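Only one structure is covered here, and it is reproduced in the block below.
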Amino acid sequence: MTAAKPVKEKSSLVWRLVRWGIWTILALVVAFAIFFFWASSGDSDDRETAPGTISENSAAAPAPAQVPELRVMTFNIGYGRGPAGDASGPWSEEQIHAGLDGIVGQIKANAADLVFLQEVDLASARSHDIDQGKYLLEGAGLRFSSCVTTWEKNYVPFPYWPPSKHYGRMRSGQCVLSRFPIVASTRHRLPQPDANPWWRNRFYLNRAIDQVKVMIAGNAWEVFNVHIEAFDIPNRVDHAQRLAALVSALPEKARVIVAGDFNAPPPEATQKKGFVDEPEADFSTDTTIAVVRGMGLPEALPDPAAFTFPADGPTRRLDYIYFGSALTKVEAKVLGQSIATSSPLAAVAAVPPPGPFSDHLPLFARFTVR
């Protein structure tokens, strides 16, 4: 009878350990769930249509009364990190400042009047909480800006490993910088890919079209800053259709500019897959640019050899400028890339490399105004 007590005590100890293990696992699951839903939250405005933020740089010169010429630039700046990919971080504050200063230098060197910027951090941990929209507006000496958020999360655990590379708190978007008064801004939030698992979409950005009304020499212009889906073809085509619908709904399209990162090459591109930097990318069935061309606006630089990505070894075109009939193109070029072309539609100049300050090269166009 004396042997029963140690067996009972041993059984009791095992049961206590099992209960401890169960409660520990439950606590970890609850903690993970709380962290997951907290980290993937943070949108300050998740409406499909919402106003953008309009700012004025009072130190800049006022807009000219007469505008015989308009100089336009579009640039996915990749939050100033340079040409390396997202996994190359973290980046020092000095690196980010150097990238932003280089971008300012390009805007000023080309005397751009309207600048369409994508992947602009508006106060993100990965770029040291710099309000890049404000920084670039003031640095470039332009007067007005419209900024909209596309990615606003409490904590983004990407790249996944090691944790020291995590983006952390995220507030990023896109901005239009303008020499002329911006009087209205509307963010059209774009849907996330249906093919993404639900947990990924919890952390995924909502790309956007920013529709901005700009007063140029007394006339109202509608400009659209575009950043559409990069990785999912059906979602990208859907975004292009939404853009085309917005432009088609305008009462007139003479004073219209559409520019940005469309994340797709033109139908005439000779290479549509097998890219060294992104071997999984395949644009063989992509109709994005064909849909965009349905807007009925000409491209500033239709030459299929005008590559904008990746900046340190361009192999394809992802960035575009489209314009209305109130403009006549004088020249268009990819800054930092020399293109040999016989096309009479493209006036492309060789310029010194721009850094590069992003994984995209900027696209620039100069127009006369009718």
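Note on naming: chains are A, B, ... as they come in the structure tokens, residues start from 1 per chain, ligands start from 1 in the order shown.
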
Spatial neighbours of A:Gly105, max dist 12 Å, only C-alpha atoms, sep filter under 4 positions, as a VMD selection string
chain A and resid 98 to 101 109 to 112 136 to 137 139 to 141 354 to 357

Just list as a PyMOL selection string whatever in stretch 138-365 of chain A DSSP marks as alpha helix (DSSP H).
chain A and resi 138-140+198-203+233-248+288-293

Write the residues of the preceding selection, restricted to N, CA and C atoms, as an mmCIF file, in the first residue's frame.
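Wrote it out as result.cif, contents follow:
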data_model
loop_
_atom_site.group_PDB
_atom_site.id
_atom_site.type_symbol
_atom_site.label_atom_id
_atom_site.label_comp_id
_atom_site.auth_asym_id
_atom_site.auth_seq_id
_atom_site.Cartn_x
_atom_site.Cartn_y
_atom_site.Cartn_z
ATOM 1 N N GLU A 138 8.780 71.026 -50.070
ATOM 2 C CA GLU A 138 9.605 72.161 -49.666
ATOM 3 C C GLU A 138 10.958 72.149 -50.351
ATOM 4 N N GLY A 139 11.560 70.962 -50.469
ATOM 5 C CA GLY A 139 12.870 70.871 -51.101
ATOM 6 C C GLY A 139 12.837 71.263 -52.568
ATOM 7 N N ALA A 140 11.759 70.887 -53.263
ATOM 8 C CA ALA A 140 11.659 71.200 -54.693
ATOM 9 C C ALA A 140 11.215 72.636 -54.940
ATOM 10 N N TRP A 198 -6.712 35.738 -46.837
ATOM 11 C CA TRP A 198 -7.304 36.825 -46.053
ATOM 12 C C TRP A 198 -6.299 37.442 -45.102
ATOM 13 N N TRP A 199 -5.433 36.600 -44.531
ATOM 14 C CA TRP A 199 -4.477 37.128 -43.549
ATOM 15 C C TRP A 199 -3.440 38.020 -44.219
ATOM 16 N N ARG A 200 -3.107 37.747 -45.488
ATOM 17 C CA ARG A 200 -2.160 38.616 -46.185
ATOM 18 C C ARG A 200 -2.808 39.960 -46.502
ATOM 19 N N ASN A 201 -4.056 39.920 -46.950
ATOM 20 C CA ASN A 201 -4.744 41.176 -47.249
ATOM 21 C C ASN A 201 -4.935 42.036 -46.010
ATOM 22 N N ARG A 202 -4.932 41.428 -44.823
ATOM 23 C CA ARG A 202 -4.999 42.228 -43.597
ATOM 24 C C ARG A 202 -3.816 43.201 -43.500
ATOM 25 N N PHE A 203 -2.669 42.793 -44.056
ATOM 26 C CA PHE A 203 -1.471 43.632 -44.004
ATOM 27 C C PHE A 203 -1.162 44.304 -45.340
ATOM 28 N N ILE A 233 -2.518 39.825 -61.923
ATOM 29 C CA ILE A 233 -3.002 40.364 -63.199
ATOM 30 C C ILE A 233 -4.492 40.701 -63.166
ATOM 31 N N PRO A 234 -5.378 39.799 -62.710
ATOM 32 C CA PRO A 234 -6.804 40.178 -62.702
ATOM 33 C C PRO A 234 -7.079 41.431 -61.883
ATOM 34 N N ASN A 235 -6.388 41.564 -60.752
ATOM 35 C CA ASN A 235 -6.577 42.751 -59.920
ATOM 36 C C ASN A 235 -6.050 43.993 -60.623
ATOM 37 N N ARG A 236 -4.921 43.855 -61.318
ATOM 38 C CA ARG A 236 -4.353 44.998 -62.034
ATOM 39 C C ARG A 236 -5.282 45.447 -63.164
ATOM 40 N N VAL A 237 -5.823 44.513 -63.903
ATOM 41 C CA VAL A 237 -6.736 44.861 -64.989
ATOM 42 C C VAL A 237 -8.001 45.528 -64.432
ATOM 43 N N ASP A 238 -8.485 45.035 -63.295
ATOM 44 C CA ASP A 238 -9.635 45.662 -62.644
ATOM 45 C C ASP A 238 -9.322 47.108 -62.272
ATOM 46 N N HIS A 239 -8.125 47.351 -61.742
ATOM 47 C CA HIS A 239 -7.726 48.716 -61.404
ATOM 48 C C HIS A 239 -7.692 49.595 -62.652
ATOM 49 N N ALA A 240 -7.172 49.049 -63.746
ATOM 50 C CA ALA A 240 -7.112 49.815 -64.999
ATOM 51 C C ALA A 240 -8.518 50.151 -65.486
ATOM 52 N N GLN A 241 -9.433 49.233 -65.356
ATOM 53 C CA GLN A 241 -10.820 49.485 -65.771
ATOM 54 C C GLN A 241 -11.455 50.575 -64.923
ATOM 55 N N ARG A 242 -11.162 50.584 -63.635
ATOM 56 C CA ARG A 242 -11.695 51.629 -62.759
ATOM 57 C C ARG A 242 -11.129 52.999 -63.129
ATOM 58 N N LEU A 243 -9.838 53.030 -63.464
ATOM 59 C CA LEU A 243 -9.230 54.286 -63.906
ATOM 60 C C LEU A 243 -9.896 54.771 -65.196
ATOM 61 N N ALA A 244 -10.031 53.882 -66.160
ATOM 62 C CA ALA A 244 -10.632 54.259 -67.436
ATOM 63 C C ALA A 244 -12.058 54.779 -67.244
ATOM 64 N N ALA A 245 -12.789 54.188 -66.304
ATOM 65 C CA ALA A 245 -14.155 54.642 -66.034
ATOM 66 C C ALA A 245 -14.161 56.043 -65.441
ATOM 67 N N LEU A 246 -13.224 56.331 -64.541
ATOM 68 C CA LEU A 246 -13.145 57.663 -63.946
ATOM 69 C C LEU A 246 -12.853 58.722 -65.008
ATOM 70 N N VAL A 247 -11.905 58.433 -65.887
ATOM 71 C CA VAL A 247 -11.541 59.396 -66.919
ATOM 72 C C VAL A 247 -12.677 59.550 -67.922
ATOM 73 N N SER A 248 -13.302 58.437 -68.282
ATOM 74 C CA SER A 248 -14.397 58.490 -69.256
ATOM 75 C C SER A 248 -15.590 59.274 -68.728
ATOM 76 N N THR A 288 -3.491 45.214 -69.204
ATOM 77 C CA THR A 288 -3.630 46.463 -68.440
ATOM 78 C C THR A 288 -3.513 47.698 -69.324
ATOM 79 N N ILE A 289 -2.431 47.791 -70.087
ATOM 80 C CA ILE A 289 -2.187 49.014 -70.856
ATOM 81 C C ILE A 289 -3.179 49.128 -72.012
ATOM 82 N N ALA A 290 -3.611 48.012 -72.554
ATOM 83 C CA ALA A 290 -4.656 48.062 -73.578
ATOM 84 C C ALA A 290 -5.936 48.671 -73.009
ATOM 85 N N VAL A 291 -6.276 48.306 -71.774
ATOM 86 C CA VAL A 291 -7.455 48.886 -71.117
ATOM 87 C C VAL A 291 -7.246 50.375 -70.885
ATOM 88 N N VAL A 292 -6.069 50.758 -70.412
ATOM 89 C CA VAL A 292 -5.777 52.169 -70.133
ATOM 90 C C VAL A 292 -5.861 52.990 -71.420
ATOM 91 N N ARG A 293 -5.401 52.427 -72.516
ATOM 92 C CA ARG A 293 -5.463 53.140 -73.792
ATOM 93 C C ARG A 293 -6.901 53.395 -74.228
#

Write out as an NGL selection string the set of residues from stretch 60-202 of chain A that DSSP, computed on the backbone, places in strand (DSSP E).
:A and (69-76 or 114-121 or 144-156 or 168-178 or 182-189)

Would you mind listing, for every residue of stretch 286-346 of chain A within 8 Å of stretch 266-275 of chain A, the two atoms forming the shortest contact and the distance between them in Å to one decimal, using only C-alpha atoms, sorted by chain and ascending residue number, as CSV?
residue,atom,partner,partner_atom,distance
A:Thr287,CA,A:Pro267,CA,7.4
A:Ile289,CA,A:Pro266,CA,5.7
A:Ala290,CA,A:Pro267,CA,6.9
A:Pro304,CA,A:Ala269,CA,5.6
A:Ala305,CA,A:Ala269,CA,7.7
A:Thr315,CA,A:Phe275,CA,7.6
A:Arg316,CA,A:Gln271,CA,7.7
A:Arg317,CA,A:Pro266,CA,7.1

Would you work out the distance separating atom CA of A:Val258 from atom CA of A:Pro298, expressed in Å to one decimal?
10.1 Å
